[in-house]
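As stored in structure_37.txt (compact mmCIF, C-alpha atoms):
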# COMPACT_ATOMS: atom_id res chain seq x y z
CA MET W 1 69.18 47.25 16.73
CA SER W 2 70.09 45.59 13.42
CA SER W 3 68.20 46.11 10.17
CA GLY W 4 67.12 42.44 10.29
CA GLU W 5 65.55 42.94 13.71
CA ASN W 6 63.85 46.11 12.49
CA GLY W 7 62.45 44.16 9.53
CA VAL W 8 61.06 41.42 11.76
CA LEU W 9 59.47 43.98 14.11
CA GLY W 10 58.01 45.80 11.12
CA VAL W 11 56.35 42.64 9.85
CA LEU W 12 55.04 41.66 13.29
CA CYS W 13 53.66 45.14 13.94
CA ALA W 14 51.90 45.41 10.57
CA PRO W 15 48.08 45.58 10.91
CA LYS W 16 47.54 42.30 9.02
CA ALA W 17 50.20 40.48 11.08
CA LEU W 18 48.64 41.77 14.31
CA LYS W 19 45.22 40.55 13.15
CA ILE W 20 46.63 37.09 12.36
CA ILE W 21 48.35 36.93 15.77
CA GLY W 22 45.07 37.98 17.38
CA CYS W 23 43.18 35.25 15.51
CA VAL W 24 45.73 32.59 16.49
CA VAL W 25 45.69 33.64 20.15
CA GLY W 26 41.90 33.96 20.18
CA VAL W 27 41.09 30.61 18.53
CA VAL W 28 43.86 28.55 20.14
CA GLY W 29 43.57 30.14 23.58
CA SER W 30 39.78 29.95 23.90
CA LEU W 31 39.48 26.40 22.56
CA ILE W 32 42.38 25.08 24.67
CA VAL W 33 40.63 26.50 27.76
CA TYR W 34 37.40 24.91 26.48
CA GLY W 35 39.11 21.52 26.09
CA ILE W 36 40.77 21.61 29.51
CA LEU W 37 37.52 22.63 31.27
CA GLN W 38 35.58 20.01 29.31
CA GLU W 39 37.91 17.28 30.56
CA ARG W 40 37.97 18.66 34.10
CA ILE W 41 34.15 18.82 34.39
CA MET W 42 33.41 15.42 32.86
CA THR W 43 36.31 13.32 34.16
CA ARG W 44 37.37 14.71 37.56
CA PRO W 45 35.30 14.48 40.78
CA TYR W 46 34.06 17.50 42.75
CA SER W 47 34.49 17.31 46.51
CA ASP W 48 33.41 20.68 47.91
CA ASP W 49 31.37 19.06 50.70
CA GLY W 50 33.93 16.41 51.59
CA GLY W 51 32.50 13.61 49.42
CA GLU W 52 33.66 13.02 45.84
CA GLU W 53 31.04 13.14 43.09
CA PHE W 54 31.24 13.23 39.29
CA PHE W 55 29.23 15.67 37.14
CA LYS W 56 26.99 13.62 34.81
CA TYR W 57 24.72 16.16 33.10
CA SER W 58 26.15 16.71 29.61
CA VAL W 59 23.00 18.34 28.21
CA PHE W 60 23.17 20.96 30.99
CA LEU W 61 26.55 22.02 29.59
CA VAL W 62 25.08 22.20 26.07
CA LEU W 63 22.23 24.40 27.36
CA ASN W 64 24.63 26.86 29.03
CA ASN W 65 26.91 26.99 25.97
CA ARG W 66 24.02 27.75 23.60
CA LEU W 67 22.36 30.38 25.82
CA LEU W 68 25.60 32.34 26.13
CA ALA W 69 26.18 32.09 22.35
CA VAL W 70 22.64 33.46 21.72
CA CYS W 71 23.28 36.43 24.03
CA ALA W 72 26.63 37.22 22.34
CA ALA W 73 25.20 36.99 18.79
CA LEU W 74 22.18 39.14 19.73
CA CYS W 75 24.45 41.84 21.17
CA ILE W 76 26.54 41.85 17.98
CA LEU W 77 23.44 42.07 15.74
CA VAL W 78 22.07 44.97 17.78
CA ALA W 79 25.46 46.72 17.66
CA ILE W 80 25.79 46.38 13.86
CA LYS W 81 22.04 46.94 13.31
CA GLY W 82 21.70 43.53 11.69
CA ASN W 83 18.55 41.52 11.05
CA VAL W 84 17.45 39.74 14.25
CA LYS W 85 14.34 38.10 12.76
CA PRO W 86 14.63 34.55 11.35
CA VAL W 87 15.42 34.55 7.65
CA ALA W 88 14.87 30.83 6.97
CA PRO W 89 11.88 28.78 8.26
CA ILE W 90 12.20 27.86 11.94
CA TYR W 91 12.16 24.14 11.10
CA SER W 92 15.41 24.63 9.14
CA TYR W 93 17.15 26.00 12.21
CA ALA W 94 15.55 23.33 14.41
CA ALA W 95 16.71 20.45 12.17
CA VAL W 96 20.31 21.63 12.30
CA SER W 97 20.04 22.33 16.04
CA ALA W 98 18.70 18.86 16.91
CA SER W 99 21.62 17.19 15.14
CA ASN W 100 24.08 19.61 16.78
CA VAL W 101 22.72 18.97 20.30
CA VAL W 102 23.03 15.19 19.87
CA ALA W 103 26.58 15.55 18.46
CA THR W 104 27.76 17.81 21.32
CA THR W 105 26.15 15.56 23.96
CA CYS W 106 27.91 12.51 22.48
CA GLN W 107 31.19 14.47 22.62
CA TYR W 108 30.80 15.23 26.33
CA GLU W 109 29.49 11.75 27.22
CA ALA W 110 32.39 10.06 25.44
CA LEU W 111 34.81 11.58 27.98
CA LYS W 112 33.25 9.37 30.66
CA TYR W 113 34.63 6.32 28.83
CA VAL W 114 37.63 7.38 26.72
CA SER W 115 40.53 9.73 27.42
CA PHE W 116 40.63 13.29 26.10
CA PRO W 117 43.46 12.56 23.59
CA VAL W 118 41.30 9.77 22.11
CA GLN W 119 38.30 12.09 21.89
CA THR W 120 40.33 14.89 20.28
CA LEU W 121 42.02 12.60 17.77
CA GLY W 122 38.67 11.00 16.94
CA LYS W 123 37.23 14.45 16.21
CA CYS W 124 40.02 14.93 13.63
CA ALA W 125 38.30 12.23 11.56
CA LYS W 126 35.33 14.56 11.00
CA MET W 127 36.09 14.89 7.27
CA ILE W 128 35.19 11.20 6.73
CA PRO W 129 31.49 11.47 7.72
CA VAL W 130 31.35 14.88 6.00
CA MET W 131 32.46 13.18 2.77
CA ILE W 132 29.92 10.39 3.24
CA TRP W 133 27.04 12.77 3.98
CA GLY W 134 28.18 15.05 1.13
CA PHE W 135 27.95 12.12 -1.28
CA PHE W 136 24.45 11.09 -0.17
CA ILE W 137 22.91 14.54 0.47
CA ASN W 138 24.62 16.77 -2.12
CA GLN W 139 25.85 14.09 -4.59
CA ARG W 140 29.40 15.38 -4.25
CA ARG W 141 32.30 13.47 -5.78
CA TYR W 142 35.78 13.22 -4.27
CA ASP W 143 39.12 12.64 -5.99
CA ALA W 144 41.99 10.33 -5.05
CA ALA W 145 43.72 12.98 -2.89
CA ASP W 146 40.63 13.42 -0.69
CA ILE W 147 40.20 9.67 -0.33
CA GLY W 148 43.93 9.29 0.44
CA VAL W 149 43.76 11.90 3.24
CA ALA W 150 40.68 10.17 4.70
CA ALA W 151 42.49 6.81 4.54
CA LEU W 152 45.58 8.20 6.34
CA ILE W 153 43.41 9.67 9.10
CA THR W 154 41.59 6.34 9.49
CA VAL W 155 44.88 4.41 9.67
CA GLY W 156 46.34 6.90 12.18
CA CYS W 157 43.27 6.68 14.45
CA THR W 158 43.30 2.87 14.19
CA ILE W 159 46.98 2.69 15.21
CA PHE W 160 46.25 5.02 18.13
CA GLY W 161 43.39 2.81 19.31
CA LEU W 162 45.20 -0.51 18.92
CA TYR W 163 48.58 0.26 20.50
CA GLY W 164 47.77 1.82 23.85
CA ASP W 165 45.15 2.43 26.51
CA VAL W 166 42.23 4.52 25.29
CA THR W 167 39.84 4.42 28.27
CA ASN W 168 39.27 7.13 30.84
CA LYS W 169 41.29 6.20 33.97
CA HIS W 170 38.20 6.82 36.16
CA ALA W 171 35.97 4.54 34.06
CA SER W 172 35.71 0.82 34.67
CA SER W 173 38.28 -0.94 32.51
CA GLY W 174 37.27 -3.49 29.92
CA ALA W 175 36.32 -3.92 26.29
CA GLU W 176 32.71 -2.88 26.95
CA THR W 177 33.79 0.55 28.23
CA SER W 178 36.06 1.13 25.21
CA TRP W 179 33.35 0.05 22.79
CA TYR W 180 30.76 2.30 24.45
CA GLY W 181 33.12 5.28 24.31
CA GLY W 182 33.91 4.47 20.68
CA ALA W 183 30.19 4.26 19.84
CA LEU W 184 29.64 7.72 21.36
CA MET W 185 32.52 9.13 19.29
CA LEU W 186 31.02 7.57 16.15
CA GLY W 187 27.71 9.18 17.13
CA TYR W 188 29.46 12.53 17.49
CA LEU W 189 31.20 12.20 14.11
CA GLY W 190 28.04 11.07 12.33
CA PHE W 191 25.77 13.79 13.70
CA ASP W 192 28.40 16.54 13.48
CA GLY W 193 29.16 15.64 9.87
CA PHE W 194 25.43 15.61 9.12
CA THR W 195 25.03 19.02 10.82
CA SER W 196 27.63 20.80 8.69
CA THR W 197 26.51 19.14 5.43
CA PHE W 198 22.77 19.55 6.04
CA GLN W 199 23.30 23.15 7.19
CA ASP W 200 24.80 24.07 3.82
CA LYS W 201 21.85 22.49 2.02
CA LEU W 202 19.10 23.95 4.23
CA PHE W 203 20.39 27.52 4.22
CA LYS W 204 21.34 27.60 0.53
CA GLY W 205 19.46 30.40 -1.20
CA TYR W 206 18.85 32.39 1.99
CA HIS W 207 20.85 35.60 2.33
CA MET W 208 21.49 35.73 6.06
CA GLU W 209 24.20 37.16 8.25
CA THR W 210 26.38 34.68 10.09
CA TYR W 211 25.28 36.11 13.43
CA ASN W 212 21.61 35.74 12.50
CA GLN W 213 22.19 32.05 11.86
CA MET W 214 24.18 31.86 15.11
CA VAL W 215 21.26 33.33 17.08
CA TRP W 216 18.53 31.06 15.76
CA VAL W 217 20.50 27.81 15.56
CA ASN W 218 21.74 28.29 19.12
CA LEU W 219 18.30 29.39 20.35
CA CYS W 220 16.72 26.24 18.87
CA SER W 221 19.57 24.17 20.38
CA ALA W 222 18.95 25.73 23.81
CA THR W 223 15.21 24.99 23.51
CA ILE W 224 15.83 21.35 22.56
CA SER W 225 18.36 20.99 25.40
CA LEU W 226 15.88 22.47 27.90
CA PHE W 227 13.11 20.07 26.84
CA TRP W 228 15.59 17.18 27.04
CA LEU W 229 16.57 18.17 30.60
CA LEU W 230 12.93 18.61 31.66
CA SER W 231 11.84 15.30 30.13
CA ASP W 232 14.04 13.20 32.44
CA ASN W 233 14.14 15.66 35.37
CA SER W 234 17.91 15.97 35.02
CA ILE W 235 17.73 19.79 35.17
CA SER W 236 16.71 19.67 38.83
CA GLN W 237 19.43 17.06 39.48
CA ALA W 238 21.99 19.32 37.79
CA PHE W 239 20.99 22.28 39.99
CA GLU W 240 21.10 20.05 43.08
CA PHE W 241 24.66 19.06 42.09
CA VAL W 242 25.56 22.75 41.75
CA GLY W 243 24.07 23.33 45.20
CA ARG W 244 26.28 20.61 46.67
CA HIS W 245 29.37 21.65 44.66
CA PRO W 246 29.17 25.40 43.84
CA SER W 247 32.61 25.39 42.22
CA VAL W 248 31.24 23.46 39.24
CA MET W 249 29.19 26.50 38.16
CA GLY W 250 32.36 28.56 37.82
CA ASP W 251 33.84 25.86 35.56
CA VAL W 252 30.62 25.71 33.50
CA ILE W 253 30.57 29.51 33.02
CA ILE W 254 34.24 29.57 31.93
CA LEU W 255 33.60 26.60 29.61
CA SER W 256 30.61 28.35 27.98
CA THR W 257 32.50 31.66 27.70
CA ALA W 258 35.48 29.92 26.06
CA ALA W 259 33.14 28.10 23.62
CA MET W 260 31.39 31.37 22.71
CA LEU W 261 34.64 33.32 22.25
CA GLY W 262 36.06 30.45 20.20
CA GLN W 263 33.02 30.52 17.91
CA LEU W 264 33.32 34.29 17.39
CA CYS W 265 37.08 34.09 16.75
CA ILE W 266 36.53 31.28 14.24
CA LEU W 267 33.91 33.32 12.34
CA TYR W 268 36.23 36.35 12.25
CA THR W 269 39.25 34.28 11.13
CA ILE W 270 37.36 32.65 8.25
CA ARG W 271 35.90 35.99 7.12
CA GLU W 272 39.21 37.89 7.26
CA PHE W 273 41.76 35.27 6.16
CA GLY W 274 39.92 32.30 4.67
CA ALA W 275 39.73 28.59 5.34
CA LEU W 276 43.47 27.77 5.04
CA LEU W 277 44.60 29.82 8.04
CA PHE W 278 41.58 28.61 10.02
CA ALA W 279 42.27 24.93 9.22
CA THR W 280 45.96 25.35 10.09
CA ILE W 281 45.13 27.06 13.41
CA MET W 282 42.53 24.43 14.32
CA THR W 283 44.86 21.53 13.50
CA THR W 284 47.63 23.09 15.60
CA ARG W 285 45.17 23.75 18.43
CA GLN W 286 44.05 20.10 18.49
CA PHE W 287 47.66 18.90 18.65
CA ILE W 288 48.48 21.34 21.48
CA SER W 289 45.32 20.23 23.32
CA ILE W 290 46.48 16.60 23.22
CA LEU W 291 49.95 17.58 24.51
CA LEU W 292 48.50 19.67 27.36
CA SER W 293 46.02 16.95 28.30
CA CYS W 294 48.84 14.40 28.48
CA ILE W 295 50.81 16.75 30.77
CA ILE W 296 48.02 18.16 32.97
CA PHE W 297 45.85 15.05 33.33
CA MET W 298 48.67 12.51 32.93
CA HIS W 299 47.66 10.48 29.88
CA PRO W 300 50.80 8.53 28.88
CA LEU W 301 50.91 7.66 25.18
CA THR W 302 52.92 4.84 23.62
CA VAL W 303 55.36 5.39 20.73
CA PRO W 304 52.92 3.88 18.16
CA GLN W 305 50.18 6.19 19.50
CA TRP W 306 52.41 9.22 18.92
CA GLY W 307 53.12 7.84 15.44
CA GLY W 308 49.38 7.54 14.74
CA THR W 309 48.85 11.07 16.08
CA CYS W 310 51.54 12.51 13.79
CA MET W 311 50.05 10.63 10.83
CA VAL W 312 46.60 12.14 11.47
CA PHE W 313 47.86 15.71 11.90
CA GLY W 314 50.21 15.38 8.91
CA ALA W 315 47.22 14.37 6.78
CA LEU W 316 45.18 17.31 8.12
CA TYR W 317 47.93 19.84 7.32
CA TYR W 318 48.30 18.36 3.83
CA ASN W 319 44.53 18.55 3.32
CA ALA W 320 44.46 22.22 4.34
CA PHE W 321 47.18 23.18 1.84
CA LEU W 322 45.61 20.96 -0.84
CA LYS W 323 42.33 22.88 -0.54
CA ALA W 324 44.18 26.19 -0.70
CA SER W 325 46.01 25.08 -3.84
CA ARG W 326 42.75 24.01 -5.50
CA LYS W 327 41.13 27.34 -4.64
CA GLN W 328 44.10 29.26 -6.08
CA ASN W 329 44.03 27.20 -9.29
CA LYS W 330 40.31 27.83 -9.63
CA GLU W 331 40.80 31.58 -9.15
CA ASP W 332 43.64 31.60 -11.70
CA ALA W 333 41.48 29.75 -14.22
CA THR W 334 38.62 32.20 -13.67
CA SER W 335 40.99 35.16 -14.09
CA LYS W 336 42.38 33.74 -17.36
CA SER W 337 38.86 33.14 -18.65
CA GLU W 338 37.83 36.72 -17.85
CA THR W 339 40.98 38.07 -19.55
CA TYR W 340 40.30 35.93 -22.65
CA ASN W 341 36.68 37.10 -22.85
CA SER W 342 37.74 40.73 -22.43
CA GLU W 343 40.31 40.42 -25.25
CA LYS W 344 37.72 38.68 -27.42
CA GLU W 345 35.17 41.48 -26.90
CA SER W 346 37.87 44.07 -27.66
CA LEU W 347 38.74 42.34 -30.97
CA ILE W 348 35.06 42.17 -31.93
CA LYS W 349 34.67 45.89 -31.28
CA ASP W 350 37.82 46.70 -33.32
CA THR W 351 36.54 44.57 -36.19
CA SER W 352 33.16 46.23 -36.23
CA LYS W 353 34.66 49.75 -36.47

Can the structure in the file be given as structure tokens, please?
Amino acid sequence: MSSGENGVLGVLCAPKALKIIGCVVGVVGSLIVYGILQERIMTRPYSDDGGEEFFKYSVFLVLNNRLLAVCAALCILVAIKGNVKPVAPIYSYAAVSASNVVATTCQYEALKYVSFPVQTLGKCAKMIPVMIWGFFINQRRYDAADIGVAALITVGCTIFGLYGDVTNKHASSGAETSWYGGALMLGYLGFDGFTSTFQDKLFKGYHMETYNQMVWVNLCSATISLFWLLSDNSISQAFEFVGRHPSVMGDVIILSTAAMLGQLCILYTIREFGALLFATIMTTRQFISILLSCIIFMHPLTVPQWGGTCMVFGALYYNAFLKASRKQNKEDATSKSETYNSEKESLIKDTSK
């Protein structure tokens, strides 16, 4: 074996490299499975009893996802002897949870009307509502680079929507279907952007472990989802569907497990390696998800749609490295300031001797 091959193996087998590989496999693998199962459950009929029937109970999926996430976070807190009790007021968790439940439900419902590539690409535009909510809630200001990235994403999504079919092949065709699917995606983006922005504001000042927040936000989300299902009797209809088509429960369990594992892998990746690696992994995962959806579920895209897709993901990669550069510059400036202050104090001490 050559020295070059030994060097490559040495790098790949290093503890940090193995951790990064684990993070990539964990995040990408779990969320790709989540995306595929999401599309299968919401857009493909079940025919276990001979008759085809579509699953229509989005909130039931949200309930299962949140309950499994609560169980996983509780187990971790018990294992690390963390604080299980709520740190912030319950209404803080509930406010974030309500917005999160609506956002996730809109995401699932949108698949009834638009294709998975459209849904995934639309989710890439999340930074636009986050910027809008950040301006109104936290009075944040954004520079030309941020606005330019948002503009490129908007243009890319617009090209994708204008130059090809965007509707789910099982939905009734027509402008009304496309508009309804688009409205649900806007609902998802608006509520999801509000969730992340409002979450930062609500929990500011509270020293809580990530898993503590995960337990109580997901528990409140599960409670809201349960009340929602009970209010329109859809929980009994969902269980009746499972009784007629038992195979759907296996898909729901795998979907919820993939969502939970994805959430844990994301938390670990951000804690160990920071936001740049996470953003790069997530952007790559979304692109792979679109490719796999086009292959597995046969969603043909036009050349302009691929161009719009590349424009969106190019802007996302640029945004990730832009943030990393800003963070590095800020750290360098802080380091220089500390060095200057230290030298200044040393001179003062020398003078006073």

* Asked: Which residue gives the smallest distance to Ala238 of chain W among W:Ile270, W:Tyr113, W:Val252, W:Thr167, with all atoms listed in the file counted?
  ->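 Ranked by minimum distance to Ala238 of chain W, first place goes to W:Val252.
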
* Of the candidates W:Gln237, W:Ser256, W:Asn100, W:Thr120, which shows the shortest atom-to-atom distance to Leu291 of chain W, using all atoms listed in the file? ->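 For Leu291 of chain W, the nearest of the given residues is W:Thr120.
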
Near-Thr280 of chain W list (12 Å; all atoms listed in the file; drop same-chain fewer than 6 positions) as a PDB file with C-alpha atoms, keeping the file's coordinate frame:
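Saved as out-v4.pdb:
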ATOM      1  CA  ILE W  20      46.630  37.090  12.360  1.00  0.00           C
ATOM      2  CA  CYS W  23      43.180  35.250  15.510  1.00  0.00           C
ATOM      3  CA  VAL W  24      45.730  32.590  16.490  1.00  0.00           C
ATOM      4  CA  VAL W  27      41.090  30.610  18.530  1.00  0.00           C
ATOM      5  CA  VAL W  28      43.860  28.550  20.140  1.00  0.00           C
ATOM      6  CA  ILE W 266      36.530  31.280  14.240  1.00  0.00           C
ATOM      7  CA  THR W 269      39.250  34.280  11.130  1.00  0.00           C
ATOM      8  CA  ILE W 270      37.360  32.650   8.250  1.00  0.00           C
ATOM      9  CA  PHE W 273      41.760  35.270   6.160  1.00  0.00           C
ATOM     10  CA  GLY W 274      39.920  32.300   4.670  1.00  0.00           C
ATOM     11  CA  GLN W 286      44.050  20.100  18.490  1.00  0.00           C
ATOM     12  CA  PHE W 287      47.660  18.900  18.650  1.00  0.00           C
ATOM     13  CA  PHE W 313      47.860  15.710  11.900  1.00  0.00           C
ATOM     14  CA  GLY W 314      50.210  15.380   8.910  1.00  0.00           C
ATOM     15  CA  ALA W 315      47.220  14.370   6.780  1.00  0.00           C
ATOM     16  CA  LEU W 316      45.180  17.310   8.120  1.00  0.00           C
ATOM     17  CA  TYR W 317      47.930  19.840   7.320  1.00  0.00           C
ATOM     18  CA  TYR W 318      48.300  18.360   3.830  1.00  0.00           C
ATOM     19  CA  ASN W 319      44.530  18.550   3.320  1.00  0.00           C
ATOM     20  CA  ALA W 320      44.460  22.220   4.340  1.00  0.00           C
ATOM     21  CA  PHE W 321      47.180  23.180   1.840  1.00  0.00           C
ATOM     22  CA  LEU W 322      45.610  20.960  -0.840  1.00  0.00           C
ATOM     23  CA  LYS W 323      42.330  22.880  -0.540  1.00  0.00           C
ATOM     24  CA  ALA W 324      44.180  26.190  -0.700  1.00  0.00           C
TER      25      ALA W 324
END

* **Which residue of W:Pro89, W:Gly193, W:Gly29, W:Gly156 approaches Leu121 of chain W most closely, using all atoms listed in the file** => W:Gly156

* Determine the nearest neighbour of Ile137 of chain W from the options W:Phe60, W:Gln199, W:Ser325, W:Pro300, counting only C-alpha atoms. =>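 Closest residue, counting only C-alpha atoms: W:Gln199.
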
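Each of W:Ala17, W:Phe241, W:Cys220, W:Ser58 was compared to Gln38 of chain W using all atoms listed in the file, and W:Ser58 turns out to be the nearest.
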
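From atom CA of Tyr34 of chain W back to atom CA of Gly262 of chain W, the distance works out to 8.5 Å.
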
* To do: Using all atoms listed in the file, pick whichever of W:Ala69, W:Val114, W:Val25, W:Val242 has the shortest atom-to-atom distance to Glu39 of chain W.
  => W:Val114

* Can you list, as a list in words, every protein, DNA or RNA residue that comes within 10 Å of Ile132 of chain W when you count all atoms listed in the file, leaving out same-chain residues fewer than 3 positions away? ->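 Those residues are Met127, Ile128, Pro129, Phe135, Phe136, Ile137, Asn138, Gln139, Arg140, Arg141, Tyr142, Gly190, Gly193, Phe194 and Thr197 of chain W.
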
* Separation of atom CA of His245 of chain W from atom CA of Arg40 of chain W, in Å and rounded to one decimal ->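 Separation between atom CA of His245 of chain W and atom CA of Arg40 of chain W: 13.9 Å.
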
* **Atomic separation - atom CA of Ala222 of chain W relative to atom CA of Val70 of chain W, Å** =>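 These atoms are spaced 8.8 Å apart.
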
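Neighbouring residues of Ile224 of chain W at 10 Å or closer, counting only C-alpha atoms and skipping chain neighbours under 2 positions away, are W:Val59, W:Val62, W:Leu63, W:Ala94, W:Ser97, W:Ala98, W:Val101, W:Val102, W:Asn218, W:Leu219, W:Cys220, W:Ser221, W:Ala222, W:Leu226, W:Phe227, W:Trp228, W:Leu229, W:Leu230.
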
* **Residue neighbourhood Tyr211 of chain W, 10 Å, all atoms listed in the file, exclusion window fewer than 3 positions, as a PyMOL selection string** => chain W and resi 69-70+72-77+82-84+208+214-217+264+267

Taking all atoms of segment 124-131 of chain W that the file lists, what box with edges along x, y and z, padded by 4 Å per side, do you get, with centre and edge lengths in Å to one decimal, as JSON?
{"center_x": 35.7, "center_y": 13.1, "center_z": 8.2, "size_x": 16.7, "size_y": 11.7, "size_z": 18.9}

* Which neighbours of Tyr206 of chain W fall inside 12 Å, counting all atoms listed in the file, when residues of the same chain fewer than 3 positions from it are skipped, and could you give them as a PyMOL selection string? -> chain W and resi 86-89+92+199-203+209-210+212-213
